[in-house]
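**Student:** So here's run_13.txt (compact mmCIF, C-alpha atoms).
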```
# COMPACT_ATOMS: atom_id res chain seq x y z
CA MET A 4 107.29 -196.55 16.21
CA LEU A 5 110.90 -195.92 17.02
CA THR A 6 111.72 -195.02 20.59
CA LYS A 7 112.59 -191.35 20.99
CA ARG A 8 116.20 -192.16 21.75
CA SER A 9 116.59 -194.35 18.66
CA ALA A 10 114.79 -191.80 16.49
CA VAL A 11 117.40 -189.18 17.36
CA VAL A 12 120.24 -191.58 16.52
CA VAL A 13 118.66 -192.77 13.25
CA ALA A 14 117.96 -189.18 12.16
CA ALA A 15 121.62 -188.30 12.74
CA THR A 16 123.05 -191.39 11.02
CA ALA A 17 120.53 -192.07 8.22
CA PRO A 18 122.39 -189.86 5.67
CA VAL A 19 125.62 -191.80 6.30
CA VAL A 20 123.87 -195.17 6.09
CA ALA A 21 122.11 -194.08 2.89
CA GLU A 22 125.42 -192.94 1.38
CA HIS A 23 127.01 -196.34 2.08
CA ALA A 24 123.89 -198.48 1.65
CA ASP A 25 125.09 -200.26 -1.49
CA ALA A 26 128.43 -201.12 0.14
CA ILE A 27 126.63 -202.36 3.26
CA THR A 28 124.36 -204.73 1.35
CA LYS A 29 127.22 -205.98 -0.83
CA CYS A 30 129.12 -206.80 2.36
CA PHE A 31 126.00 -208.33 3.94
CA TYR A 32 125.10 -210.96 1.34
CA PRO A 33 128.40 -212.92 1.42
CA LYS A 34 128.21 -213.00 5.22
CA LEU A 35 124.63 -214.22 5.11
CA PHE A 36 125.24 -216.95 2.54
CA ALA A 37 128.35 -218.19 4.33
CA ALA A 38 126.35 -218.52 7.54
CA ASP A 39 123.21 -220.00 5.99
CA PRO A 40 123.84 -221.54 2.53
CA GLU A 41 120.15 -222.56 2.37
CA LEU A 42 119.32 -218.93 1.61
CA LEU A 43 121.23 -219.23 -1.66
CA ARG A 44 118.22 -221.27 -2.81
CA VAL A 45 115.98 -218.26 -2.25
CA PHE A 46 118.00 -215.32 -3.55
CA ASN A 47 118.39 -214.82 -7.29
CA THR A 48 122.08 -215.44 -8.01
CA ALA A 49 121.96 -213.49 -11.29
CA HIS A 50 120.69 -210.39 -9.54
CA GLN A 51 123.39 -210.80 -6.93
CA ALA A 52 125.99 -210.86 -9.71
CA THR A 53 124.68 -207.68 -11.38
CA GLY A 54 124.27 -205.82 -8.08
CA GLU A 55 120.56 -205.20 -8.65
CA GLN A 56 119.40 -207.07 -5.55
CA PRO A 57 121.74 -205.26 -3.12
CA LYS A 58 120.65 -201.91 -4.57
CA ALA A 59 116.97 -202.77 -4.16
CA LEU A 60 117.46 -203.96 -0.58
CA ALA A 61 119.42 -200.83 0.30
CA ALA A 62 116.69 -198.58 -1.09
CA SER A 63 114.00 -200.44 0.86
CA VAL A 64 115.77 -200.34 4.24
CA VAL A 65 116.70 -196.67 3.95
CA ALA A 66 113.17 -195.77 2.81
CA TYR A 67 111.73 -197.58 5.81
CA ALA A 68 114.06 -195.80 8.25
CA VAL A 69 113.06 -192.42 6.81
CA HIS A 70 109.41 -193.46 7.05
CA LEU A 71 109.83 -194.22 10.76
CA LEU A 72 111.19 -190.72 11.30
CA ASP A 73 108.31 -189.10 9.42
CA PRO A 74 105.39 -191.51 8.84
CA GLU A 75 103.34 -188.82 7.08
CA ALA A 76 106.01 -188.13 4.45
CA ARG A 77 105.32 -191.22 2.37
CA ASP A 78 103.00 -194.22 2.38
CA LEU A 79 105.25 -197.26 2.43
CA ARG A 80 102.41 -199.77 2.43
CA PRO A 81 102.79 -200.52 -1.31
CA MET A 82 106.50 -201.25 -0.86
CA LEU A 83 105.93 -203.47 2.17
CA ASP A 84 103.08 -205.32 0.45
CA ARG A 85 105.28 -205.91 -2.57
CA ILE A 86 108.11 -207.37 -0.48
CA ALA A 87 105.73 -209.53 1.55
CA HIS A 88 104.12 -211.01 -1.57
CA ARG A 89 107.50 -211.85 -3.04
CA HIS A 90 108.67 -213.45 0.20
CA VAL A 91 105.55 -215.62 0.34
CA SER A 92 106.04 -216.72 -3.26
CA LEU A 93 109.53 -217.91 -2.27
CA GLY A 94 108.57 -219.57 1.00
CA ILE A 95 110.42 -217.16 3.30
CA ARG A 96 109.86 -218.17 6.95
CA PRO A 97 109.74 -216.04 10.14
CA ASP A 98 112.67 -217.96 11.62
CA GLN A 99 114.94 -216.70 8.83
CA TYR A 100 114.63 -213.05 9.87
CA PRO A 101 116.97 -213.19 12.90
CA ILE A 102 119.93 -214.43 10.87
CA VAL A 103 119.29 -211.80 8.18
CA GLY A 104 119.20 -209.09 10.86
CA ARG A 105 122.37 -210.31 12.51
CA TYR A 106 124.49 -210.18 9.38
CA LEU A 107 122.95 -207.00 8.05
CA LEU A 108 123.94 -205.18 11.24
CA GLU A 109 127.38 -206.78 11.13
CA ALA A 110 127.79 -205.40 7.63
CA VAL A 111 126.77 -201.92 8.81
CA ALA A 112 129.43 -202.08 11.50
CA GLU A 113 132.09 -203.34 9.11
CA VAL A 114 131.46 -200.69 6.46
CA LEU A 115 130.99 -197.71 8.80
CA GLY A 116 133.67 -198.77 11.29
CA GLU A 117 134.09 -196.75 14.50
CA ALA A 118 131.05 -194.60 13.68
CA VAL A 119 128.88 -197.53 14.73
CA THR A 120 128.79 -197.15 18.50
CA ALA A 121 126.70 -199.41 20.71
CA GLU A 122 123.98 -196.75 20.65
CA VAL A 123 124.00 -196.57 16.84
CA ALA A 124 123.92 -200.35 16.53
CA ALA A 125 120.97 -200.56 18.93
CA ALA A 126 119.02 -197.91 17.03
CA TRP A 127 119.46 -199.61 13.66
CA ASP A 128 118.68 -202.97 15.22
CA GLU A 129 115.37 -201.42 16.27
CA VAL A 130 114.76 -200.19 12.69
CA TYR A 131 115.42 -203.66 11.32
CA TRP A 132 113.09 -205.43 13.73
CA LEU A 133 110.25 -203.00 13.17
CA PHE A 134 110.73 -203.61 9.44
CA ALA A 135 110.91 -207.39 9.94
CA LEU A 136 107.87 -207.59 12.20
CA GLU A 137 105.72 -205.68 9.71
CA LEU A 138 106.77 -208.12 7.00
CA ILE A 139 106.28 -211.22 9.17
CA THR A 140 102.77 -210.06 10.05
CA ALA A 141 101.88 -209.40 6.42
CA GLU A 142 103.41 -212.69 5.26
CA THR A 143 101.54 -214.70 7.90
CA ARG A 144 98.29 -213.24 6.60
CA LEU A 145 99.21 -214.00 2.98
CA TYR A 146 100.16 -217.60 3.74
CA ALA A 147 96.77 -218.06 5.41
CA GLN A 148 94.95 -216.53 2.44
CA ALA A 149 96.82 -218.86 0.08
CA ASP A 150 96.13 -221.86 2.37
CA ALA A 151 99.89 -222.50 2.28
CA ASP A 152 102.20 -223.82 4.97
CA PRO A 153 105.32 -221.61 5.23
CA GLY A 154 107.21 -224.65 6.49
CA SER A 155 106.35 -226.60 3.32
CA PRO A 156 105.11 -224.17 0.67
CA TRP A 157 106.08 -226.05 -2.50
CA MET A 158 103.55 -228.18 -4.39
CA ARG A 159 104.06 -230.54 -7.32
CA TRP A 160 102.26 -229.62 -10.55
CA VAL A 161 102.09 -231.59 -13.80
CA VAL A 162 102.57 -229.88 -17.16
CA THR A 163 99.61 -230.79 -19.38
CA GLU A 164 100.73 -228.77 -22.39
CA ARG A 165 103.72 -226.80 -23.65
CA ILE A 166 103.11 -224.12 -26.30
CA ASP A 167 106.10 -222.46 -27.98
CA GLU A 168 104.90 -218.90 -28.50
CA THR A 169 108.10 -217.55 -30.11
CA ASP A 170 111.72 -218.69 -30.43
CA ASP A 171 112.39 -217.77 -26.80
CA VAL A 172 108.96 -217.75 -25.12
CA MET A 173 106.90 -220.76 -24.08
CA THR A 174 103.59 -221.19 -22.29
CA LEU A 175 103.03 -224.03 -19.82
CA ARG A 176 99.63 -225.23 -18.65
CA LEU A 177 99.71 -227.09 -15.34
CA VAL A 178 97.43 -228.92 -12.89
CA PRO A 179 98.16 -230.12 -9.33
CA GLU A 180 99.71 -233.58 -9.27
CA ASP A 181 97.41 -234.65 -6.43
CA GLY A 182 94.32 -234.11 -8.59
CA SER A 183 92.97 -231.16 -6.61
CA ALA A 184 91.47 -228.17 -8.40
CA PRO A 185 93.77 -225.19 -8.95
CA ARG A 186 93.12 -222.43 -6.42
CA PRO A 187 91.66 -219.18 -7.81
CA VAL A 188 94.24 -216.69 -9.03
CA LYS A 189 93.74 -212.95 -9.32
CA ALA A 190 94.67 -211.53 -12.71
CA GLY A 191 98.12 -209.97 -12.40
CA GLN A 192 99.48 -212.41 -9.82
CA TYR A 193 102.50 -214.68 -10.14
CA LEU A 194 104.10 -217.71 -8.56
CA SER A 195 107.54 -219.21 -8.13
CA VAL A 196 108.94 -222.20 -9.99
CA ALA A 197 111.82 -223.96 -8.23
CA VAL A 198 114.28 -226.16 -10.11
CA ASP A 199 117.30 -228.27 -9.19
CA LEU A 200 120.04 -227.17 -11.56
CA PRO A 201 122.71 -229.45 -13.07
CA THR A 202 125.32 -227.53 -11.05
CA GLY A 203 123.74 -228.91 -7.90
CA GLY A 204 122.14 -225.67 -6.76
CA ARG A 205 118.45 -224.98 -6.40
CA GLN A 206 116.92 -221.74 -7.60
CA ALA A 207 113.40 -220.29 -7.81
CA ARG A 208 112.01 -217.62 -10.11
CA GLN A 209 108.64 -215.92 -10.31
CA TYR A 210 106.47 -216.01 -13.43
CA SER A 211 103.17 -214.26 -14.07
CA VAL A 212 99.99 -216.24 -14.50
CA SER A 213 99.21 -215.37 -18.12
CA SER A 214 95.59 -216.50 -18.43
CA ALA A 215 92.40 -216.08 -16.46
CA ASP A 216 91.45 -219.71 -17.26
CA THR A 217 90.37 -221.56 -14.10
CA ASP A 218 90.71 -225.14 -15.42
CA ALA A 219 94.50 -225.08 -15.34
CA LEU A 220 97.27 -222.75 -14.27
CA GLN A 221 99.04 -221.05 -17.17
CA ILE A 222 102.44 -219.38 -16.99
CA THR A 223 104.47 -217.95 -19.85
CA ILE A 224 108.27 -218.02 -19.60
CA LYS A 225 110.80 -216.07 -21.63
CA ARG A 226 114.25 -217.64 -21.94
CA ILE A 227 116.77 -215.06 -20.76
CA ASP A 228 119.84 -215.16 -23.00
CA PRO A 229 123.20 -213.61 -22.01
CA ASP A 230 123.36 -209.87 -22.70
CA GLY A 231 126.65 -208.07 -22.20
CA ASP A 232 127.70 -208.54 -18.57
CA ALA A 233 124.33 -210.05 -17.66
CA PRO A 234 124.42 -213.86 -17.59
CA ALA A 235 121.85 -216.17 -19.14
CA GLY A 236 118.84 -216.97 -17.01
CA CYS A 237 119.72 -220.30 -15.37
CA VAL A 238 116.12 -221.18 -14.46
CA SER A 239 114.43 -220.02 -17.66
CA SER A 240 117.08 -221.77 -19.78
CA HIS A 241 116.71 -224.98 -17.77
CA LEU A 242 112.93 -224.92 -18.08
CA HIS A 243 113.06 -224.29 -21.83
CA ARG A 244 115.47 -227.18 -22.34
CA HIS A 245 113.83 -229.75 -20.12
CA THR A 246 110.12 -229.04 -19.68
CA ARG A 247 107.62 -231.00 -21.75
CA ALA A 248 104.08 -232.32 -21.34
CA ASP A 249 104.01 -234.66 -18.30
CA SER A 250 106.96 -232.88 -16.67
CA VAL A 251 106.49 -232.25 -12.95
CA LEU A 252 107.42 -228.86 -11.53
CA GLU A 253 107.51 -227.51 -7.97
CA LEU A 254 105.47 -224.34 -7.58
CA GLY A 255 105.20 -221.94 -4.67
CA PRO A 256 102.10 -220.10 -3.45
CA VAL A 257 100.41 -217.64 -5.76
CA ALA A 258 101.26 -214.06 -4.79
CA GLY A 259 101.29 -210.53 -6.17
CA ASP A 260 99.51 -207.36 -5.14
CA VAL A 261 99.20 -205.59 -8.49
CA THR A 262 95.80 -206.89 -9.48
CA LEU A 263 92.71 -205.41 -11.09
CA LEU A 264 90.92 -203.05 -8.74
CA PRO A 265 87.12 -203.31 -8.69
CA GLY A 266 85.11 -200.55 -10.29
CA ASP A 267 83.44 -199.41 -13.48
CA GLY A 268 85.80 -196.63 -14.55
CA PRO A 269 88.21 -196.57 -17.49
CA VAL A 270 91.29 -198.78 -17.57
CA ALA A 271 94.60 -198.63 -19.47
CA LEU A 272 96.52 -201.92 -19.89
CA ILE A 273 100.00 -201.18 -21.22
CA SER A 274 102.83 -203.61 -21.88
CA ALA A 275 106.03 -204.27 -23.78
CA GLY A 276 107.72 -207.56 -24.59
CA ILE A 277 107.20 -210.31 -22.04
CA GLY A 278 105.43 -207.74 -19.86
CA ILE A 279 102.34 -208.79 -21.76
CA THR A 280 101.89 -211.80 -19.42
CA PRO A 281 100.12 -210.20 -16.42
CA ILE A 282 98.41 -207.68 -18.71
CA LEU A 283 96.85 -210.47 -20.78
CA ALA A 284 95.46 -212.10 -17.64
CA MET A 285 93.89 -208.78 -16.66
CA LEU A 286 92.47 -208.29 -20.14
CA GLU A 287 90.97 -211.78 -20.20
CA SER A 288 89.49 -211.25 -16.74
CA LEU A 289 87.74 -208.08 -17.92
CA ALA A 290 86.50 -209.90 -21.02
CA ASP A 291 85.11 -212.72 -18.86
CA GLU A 292 83.17 -210.11 -16.90
CA ALA A 293 81.72 -208.79 -20.20
CA THR A 294 82.38 -205.33 -18.80
CA ASP A 295 81.51 -202.20 -20.77
CA ARG A 296 84.26 -200.20 -19.07
CA ARG A 297 86.31 -198.10 -21.46
CA ILE A 298 89.61 -199.94 -21.92
CA VAL A 299 92.75 -198.86 -23.75
CA VAL A 300 95.05 -201.78 -24.56
CA ALA A 301 98.56 -200.85 -25.74
CA HIS A 302 101.52 -203.13 -26.46
CA ALA A 303 105.00 -202.58 -27.88
CA ASP A 304 107.34 -205.25 -29.22
CA ARG A 305 110.41 -205.61 -31.37
CA ASN A 306 108.55 -207.18 -34.30
CA PRO A 307 105.60 -209.52 -34.97
CA ALA A 308 107.80 -212.63 -34.57
CA THR A 309 108.78 -211.68 -31.01
CA HIS A 310 105.25 -210.72 -29.95
CA ALA A 311 104.31 -213.58 -27.60
CA LEU A 312 100.62 -214.26 -26.90
CA ARG A 313 99.66 -211.93 -29.75
CA ALA A 314 96.60 -213.90 -30.88
CA ALA A 315 95.24 -214.32 -27.33
CA HIS A 316 95.82 -210.62 -26.64
CA ALA A 317 93.89 -209.54 -29.73
CA LYS A 318 91.12 -212.08 -29.12
CA ALA A 319 90.53 -210.87 -25.57
CA ALA A 320 90.40 -207.24 -26.74
CA ARG A 321 87.82 -208.11 -29.41
CA ARG A 322 85.57 -209.68 -26.76
CA LEU A 323 85.20 -206.29 -25.07
CA SER A 324 82.60 -203.90 -26.45
CA ASN A 325 84.44 -200.74 -25.41
CA ALA A 326 88.12 -201.62 -25.86
CA THR A 327 90.68 -200.28 -28.32
CA LEU A 328 93.89 -202.14 -29.14
CA HIS A 329 97.08 -200.34 -30.19
CA THR A 330 100.31 -202.11 -31.14
CA TRP A 331 103.77 -200.79 -32.01
CA TYR A 332 106.67 -202.67 -33.64
CA GLU A 333 110.19 -201.31 -33.94
CA GLN A 334 110.88 -203.58 -36.94
CA ASP A 335 108.90 -205.33 -39.67
CA ARG A 336 105.67 -203.47 -39.01
CA ASP A 337 102.49 -205.06 -40.34
CA ASP A 338 99.18 -203.43 -41.28
CA ASP A 339 97.78 -203.76 -37.76
CA ALA A 340 100.63 -202.01 -35.97
CA LEU A 341 102.24 -198.59 -35.68
CA PRO A 342 105.95 -198.04 -36.38
CA GLY A 343 108.63 -197.42 -33.79
CA ARG A 344 108.33 -197.21 -30.04
CA MET A 345 105.13 -196.68 -28.12
CA ASP A 346 103.78 -193.14 -28.23
CA LEU A 347 100.53 -192.55 -26.40
CA GLY A 348 100.24 -188.98 -27.66
CA ASP A 349 97.63 -189.90 -30.26
CA VAL A 350 95.82 -192.40 -28.03
CA GLU A 351 92.75 -191.06 -26.23
CA ILE A 352 93.31 -191.93 -22.58
CA ASP A 353 90.73 -190.84 -20.04
CA PRO A 354 92.41 -188.89 -17.20
CA GLY A 355 90.30 -190.90 -14.76
CA SER A 356 91.84 -194.19 -15.90
CA ILE A 357 93.50 -196.72 -13.66
CA ALA A 358 96.65 -197.74 -15.54
CA TYR A 359 98.63 -200.98 -15.26
CA ILE A 360 102.08 -201.14 -16.87
CA CYS A 361 104.51 -204.01 -17.31
CA GLY A 362 107.71 -204.11 -19.36
CA PRO A 363 111.36 -203.04 -19.20
CA LEU A 364 112.07 -200.32 -16.66
CA PRO A 365 113.02 -197.58 -19.19
CA PHE A 366 109.80 -198.33 -21.10
CA MET A 367 107.71 -198.01 -17.95
CA ARG A 368 109.38 -194.75 -16.95
CA GLY A 369 108.55 -193.30 -20.35
CA VAL A 370 104.96 -194.56 -20.34
CA ARG A 371 104.38 -193.23 -16.85
CA LEU A 372 105.43 -189.75 -17.95
CA GLN A 373 103.10 -189.97 -20.93
CA LEU A 374 100.22 -190.99 -18.67
CA LEU A 375 100.92 -188.11 -16.29
CA ARG A 376 100.86 -185.71 -19.25
CA ALA A 377 97.49 -187.19 -20.23
CA GLY A 378 96.17 -186.23 -16.80
CA VAL A 379 96.24 -189.64 -15.11
CA GLN A 380 97.01 -189.22 -11.41
CA SER A 381 100.21 -190.85 -10.18
CA GLU A 382 98.41 -192.85 -7.49
CA ARG A 383 96.31 -194.48 -10.24
CA ILE A 384 99.38 -195.78 -12.10
CA PHE A 385 100.51 -199.28 -11.10
CA TYR A 386 103.51 -201.08 -12.51
CA GLU A 387 105.35 -204.34 -12.02
CA VAL A 388 109.06 -204.94 -12.46
CA PHE A 389 110.43 -208.31 -13.52
CA GLY A 390 113.44 -208.33 -11.24
CA PRO A 391 114.65 -206.28 -8.24
CA ASP A 392 112.79 -202.98 -8.05
CA VAL A 393 115.39 -200.23 -8.38
CA TRP A 394 112.57 -197.70 -8.83
CA ALA A 395 111.33 -198.03 -5.25
CA GLY A 396 112.91 -194.76 -4.18
CA ASP A 397 110.52 -192.67 -6.27
CA GLU A 398 108.05 -191.05 -3.90
CA ASP A 399 105.07 -190.87 -6.24
CA THR A 400 104.91 -194.36 -7.69
CA THR A 401 103.10 -197.53 -6.69
CA VAL A 402 105.20 -200.61 -7.31
CA ALA A 403 105.39 -204.37 -7.36
CA THR A 404 108.12 -206.75 -8.40
CA HIS A 405 109.00 -210.32 -9.19
CA ALA A 406 111.99 -212.00 -10.70
CA VAL A 407 112.35 -213.67 -14.05
CA SER A 408 115.47 -215.58 -15.04
```
Output the structure of this file as structure tokens.

**Tutor:**
Amino acid sequence: MLTKRSAVVVAATAPVVAEHADAITKCFYPKLFAADPELLRVFNTAHQATGEQPKALAASVVAYAVHLLDPEARDLRPMLDRIAHRHVSLGIRPDQYPIVGRYLLEAVAEVLGEAVTAEVAAAWDEVYWLFALELITAETRLYAQADADPGSPWMRWVVTERIDETDDVMTLRLVPEDGSAPRPVKAGQYLSVAVDLPTGGRQARQYSVSSADTDALQITIKRIDPDGDAPAGCVSSHLHRHTRADSVLELGPVAGDVTLLPGDGPVALISAGIGITPILAMLESLADEATDRRIVVAHADRNPATHALRAAHAKAARRLSNATLHTWYEQDRDDDALPGRMDLGDVEIDPGSIAYICGPLPFMRGVRLQLLRAGVQSERIFYEVFGPDVWAGDEDTTVATHAVS
């Protein structure tokens, strides 16, 4: 908890910090990277360029400060869990938090100027360290659960097979280079792949585990092509160009908190595009259980040719005695699909369902509204964003995020 004195200061200054939060984080990152270039290997440079990462960080810090002022107003555990899982997947260490705090508070002072008195600086320093200590505690627990050393989290894995799913999507199957058995993975989780780029930099990106198979680890990677002002994905492009059977990749610990909850009630598994990857793992996991839970499976794609993992998706749905599969294509519809964009209006969704959504953010916003209209409670709707979560400010959503590039 904040001290009473700091709580008064934070309550008075939080609106100003929130108003300038984007400017503060944009000032912060250059300071941080100049002081500790190693952190450039952790942060997604593409999301820095588009401004998505600063916006997500700003939303998280402000949300946490407001939470400290009124802990009953909103449960921030999902947001903190999400951040901790991502940090573990990237190998973030406790000793990196002091330098982040130092330059974040310097950026606050630079942007807000004379308004940042010693008292204001001390109060926001307290906010940061409460935030950091919660994350460090959660991350320490996650490292232990993953049997991973935060000082040396990367392991070498050998690609046993590459499968080109579509023109821009490939699946890789991997096993540990040291011959050990792959550790169990919960359906819906992800891990980081780190690569040394030709430019000399090192970058890591997270990719969902796309199969419940326990003999090998399977990830499915979409090549991110340039789109308007958004650059091409440097890691996904590098992996598509250079990865073959027998390639060796460095992988971080498995992480991710949006996983199948236990129970026997109805489930809705909803995806679009490459968002099918964690959803397929969940679907296969349910099929392996031979569950008779009522399951609605819904997927939207541009056309059949872009629908990655289509055969595996359909096969897993057929293995379930009480599952229905619905597919939408915007173009080139075939006999098994509906035309246009996903519309759940004619799909019978039990209001008691637990729903899992993955796909582009506008798609997930629309699907969430449709689920709410169908009577599904907001706390039973889980979604995962591929990239910085700019939806974290919504009070009635449960979120998780990882980066793809």

**Student:** Residues near A:Ala215, anyone? I mean within 7 Å using all atoms listed in the file, not counting same-chain ones fewer than 4 positions away, as a compact mmCIF listing (two decimals) with C-alpha atoms, in the frame of the given file.

**Tutor:**
```
# COMPACT_ATOMS: atom_id res chain seq x y z
CA ALA A 190 94.67 -211.53 -12.71
CA ALA A 284 95.46 -212.10 -17.64
CA GLU A 287 90.97 -211.78 -20.20
CA SER A 288 89.49 -211.25 -16.74
```

**Student:** What is the atom CA of A:Arg105-atom CA of A:Glu41 distance in Å, reported with one decimal?

**Tutor:**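 These atoms are spaced 16.1 Å apart.
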
**Student:** I need the residue nearest A:Val13 from this list: A:Ala314, A:Ile298, A:Val130, A:Ala233. Use all atoms listed in the file for the distance.

**Tutor:**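 Among A:Ala314, A:Ile298, A:Val130, A:Ala233, it is A:Val130 that comes nearest to A:Val13.
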
**Student:** Fewer than 4 positions away in the same chain doesn't count, so skip those; otherwise give me all residues within 10 Å of A:Glu22, counting all atoms listed in the file, as a list in words.

**Tutor:**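 My list of contacting residues is Ala17, Pro18, Ala26, Ile27, Ala61 and Val65 of chain A.
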
**Student:** What gap, in Å, lies between atom CA of A:Tyr32 and atom CA of A:Gly278?

**Tutor:**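 It comes out at 29.1 Å.
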
**Student:** Please provide the set of residues having any atom within 7 Å of A:Thr280, restricted to only C-alpha atoms, with same-chain residues fewer than 5 positions apart removed, written as a compact mmCIF listing (two decimals) with C-alpha atoms, in the coordinates of the input.

**Tutor:**
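Final output, part-v6.txt:
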```
# COMPACT_ATOMS: atom_id res chain seq x y z
CA SER A 211 103.17 -214.26 -14.07
CA VAL A 212 99.99 -216.24 -14.50
CA SER A 213 99.21 -215.37 -18.12
CA THR A 223 104.47 -217.95 -19.85
```

**Student:** From the list A:Ala290, A:Cys361, A:Leu272, A:Leu200, which residue is nearest A:Asp216 when using only C-alpha atoms?

**Tutor:**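 Among A:Ala290, A:Cys361, A:Leu272, A:Leu200, it is A:Ala290 that comes nearest to A:Asp216.
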
**Student:** Output as a tab-separated table one row per residue of stretch 206-325 of chain A within 10 Å of stretch 370-378 of chain A: the closest atom pair and its distance in Å to one decimal place, counting all atoms listed in the file, sorted by chain and residue number ascending.

**Tutor:**
```
residue	atom	partner	partner_atom	distance
A:Ala271	CA	A:Leu374	CA	9.5
A:Ile273	CA	A:Val370	CA	8.3
A:Ser274	CA	A:Val370	CA	9.4
```

**Student:** Mind giving me the straight-line distance from atom CA of A:Val64 to atom CA of A:Val238 in Å, one decimal?

**Tutor:** 28.0 Å

**Student:** I'd like the contact shell of A:Pro101 - 12 Å cut-off, all atoms listed in the file, skipping same-chain residues fewer than 6 positions apart - returned as JSON, numbers by chain.

**Tutor:** {"A": [35, 39, 107, 108, 128, 131, 132, 134, 135, 136, 139]}

**Student:** Which one of A:Pro97, A:Pro153, A:Gly268, A:Pro81 sits closest to A:Asp353 if you count all atoms listed in the file?

**Tutor:**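 Going through A:Pro97, A:Pro153, A:Gly268, A:Pro81 one by one, the smallest distance to A:Asp353 is for A:Gly268.
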
**Student:** Out of A:Pro74, A:Leu60, A:Leu115, A:Glu253, which residue has the shortest atom-to-atom distance to A:Thr16 when counting all atoms listed in the file?

**Tutor:**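 Of the candidates, the smallest distance to A:Thr16 is held by A:Leu115.
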
**Student:** Using all atoms listed in the file, what residues lie at most 8 Å away from (101.5, -223.2, -16.6) (file coordinates), given as a PyMOL selection string?

**Tutor:** chain A and resi 162+174-178+212+219-223
